[in-house]
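Enquirer: Let me give you the structure first, and then I'll get to my questions.
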Amino acid sequence: MVTMSDRPIKLLLVDQDPIFRLGLRVALEEFPNLQVVWSAETYTAALQILAEAQQDPTSVNLVILELGSAHSTSSQQLGLQLCQQLKTQYPNLGILLLSSVQEQGLLLAAKAAGVHGYCPKGTPISELVTAMEEVVAGRSYWFGEVGETGGQRRGGAEERRSGGAEERRRERMSPAPLPPCPPAPLPPNPPVSKSSQLRNSSQNNLRLSGISYINASLAQVKAKLQVPGLPVLERAILAGKQRELLTARWLLNRLLASPNQKRQEVETGNFTSLHLPPPTNSSLSSVIPNSDPKTQNSSSLLSSGALQAGLFASCINKLQFNLKNVTDIPLEIDILRIDKKRELLYIILKKLAIILEEVENSQIKIEQLYTFKKSILFDVWIAATTEFFGKFSRLKVGDSQLEIVTFLRQEAEVVQTEILNRIPLTNELLSYLLFQTDLRVDNTLYLVGSVEAKEQGLMLLENLLIQVANGVVQPLLNRLADVEEIKQSFYNRQMISTREIERFRNNLSWKYRIKNYITEPMAIFESRYELFVFAPRGIATVSIYAPRGEELAQLSGIPLMVTLMLEFRDAIAPPLQSLLSFLGNGFIFILTQVIGRGLGLIARGILQGIGWNKI
């Protein structure tokens, strides 16, 4: 087991991957004497945070950072420069590398620059915490380094320390008999209620289901990586997808683990993976959801980081589903290839995580959230557009060279008015993610931390991702739809001809006309929203109730006429149905009793006249 030192560890986490930052923050929350007080995506942001924190020397005593990208030499050099700058400006600040970089020349350069320790990504949490303690205590901890003979040896560089991390790790790895003073055994498991068993079973089924999808996607990515002769760019993209899937699987294991599995982690000291039980034949539909409010509310003590990490991990899992649009409503992203569509949705999720972290660090209050809502969505749209198309990407149109992002941002006002501002229940979702408030969706209140609240929050998050993705693609369709380079880089093969593109754009135009004049007024009048969600068969829609009285009062023109016609139809429907019923019954009476009997008498007279008197 990991034992924390008396000195509290307050660390600044620097890593460009927001999902990784969230996951690590959640894992470290199990240690009460360790706190992630700041996190940053870039080196510049890290320096700004340290400059602001300089007034309070106790605010940060450890920096954990990624030494650049494993595929970018320039970023690695920038990381080394940051280490030198930190050592010069803050000589008493501990620096620990938690990096995917494993080149031993770079690690030696980092050590020479003043870095105190190194652990590769994927190191067990128990060992990572041990490394933090050693660095904060003023010692060194190097998971691996190159000696003078060129051989790599495992463990810390400080052989002089006794009872340190090296001995503890050797004791854990050694098959020798138990030490003479074994640690006190953990208390026995408390009795588990039936509702808790059901909830644990539901979480375990969710975890197994999610991991099965992730493992299938990982197998596909690994198979593609083994193909010889892959271009460098495609190999880098596949490696990034592999890393994202591994992160998602790790988060699922961490957040949906049962108490017994977490206890097993503590006993074994292994925090990186959970031993999965053999798959069962039970399905999710056979699990009864936990309805005990006390049990549901017990998980509401999760921090915003844990709540966001759980929701984002579930969303990453569902992004592995089929992303074909199975509704009868055309979407802008339908023109993209499936891989590009999935890439765009993941970029939006990543940017949303970054901006939520910035909002959380700015310490805004919940009553200010409504004011910042539009800015948050707009910033997500800008950041996603920039990364998806490339910040400095240029496109030759005629005789001129256009900067794609700058050109597309000219449609910002249209996108915000027609798409971003119309995303429903955004304020409720952001409040849930940032302030852990209960969710009211479909006229039902879901307690924060409950499985039901997570399902509803996930539904709102999926709709937000899809709508923002539509906003990213819309300017492209409006301005650069038929450019050959764009078609080859982004479009679905079935929509690459000029005729198909124009047909698709016409369908979108009719969608907005019908939505503005008919569909949306009907939805307002019926107090409902249509949300787009990720389903195993593709992108589908669900309808939820929501009060829309203010929007109904603001309708005018054709939308107002639509609601009045609906109201008139509802008003006259009962008496009209009664009238039609009365007329119908009268018509039937005339046909059967009057005309029918008259025809019957005439037929009888004819038969008697020809001699059939006995009929």
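Ordered as shown in the structure tokens, chains take letters A, B, and onward, while each chain numbers its residues from 1 and ligands are numbered from 1 in the order shown.
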Give me, as JSON, numbers by chain, all polymer residues having an atom no more than 8 Å from Val468 in chain A, counting only C-alpha atoms and skipping those fewer than 2 positions away in the same chain.

Expert: {"A": [348, 377, 381, 419, 420, 464, 465, 466, 470, 471, 472]}

Enquirer: Report as a PyMOL selection string all protein, DNA and RNA residues lying within 12 Å of Ser375 in chain A, evaluated on only C-alpha atoms, omitting residues in the same chain fewer than 2 positions from it.

Expert: chain A and resi 352+355-356+359+368-373+377-382+416+420-421+426-427

Enquirer: Just checking: using only C-alpha atoms, which residue out of A:Glu550, A:Glu66, A:Glu484, A:Glu127 ends up closest to Gly398 in chain A?

Expert: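 Closest to Gly398 in chain A of all the choices is A:Glu484.
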
Enquirer: Tell me, in Å to one decimal, how far CA of Glu343 in chain A is from CA of Phe407 in chain A.

Expert: 21.4 Å

Enquirer: Check the smallest atom-to-atom distance from each of A:Ala40, A:Ile237, A:Ile602, A:Met561 to Pro18 in chain A using only C-alpha atoms, then report the winner.

Expert: A:Ala40

Enquirer: Quick check, in Å to one decimal: how far apart do CA of Arg342 in chain A and CA of Ile514 in chain A lie?

Expert: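 So the answer is 27.9 Å.
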
Enquirer: In Å, with one decimal, what is the gap from CA of Lys487 in chain A to CA of Arg537 in chain A?

Expert: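 CA of Arg537 in chain A lies at a distance of 26.0 Å from CA of Lys487 in chain A.
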
Enquirer: Would you give me, as a ChimeraX atom specification, the residues in range 450-533 of chain A that DSSP reads as alpha helix (DSSP H)?

Expert: /A:451-479,484-490,498-514,520-525
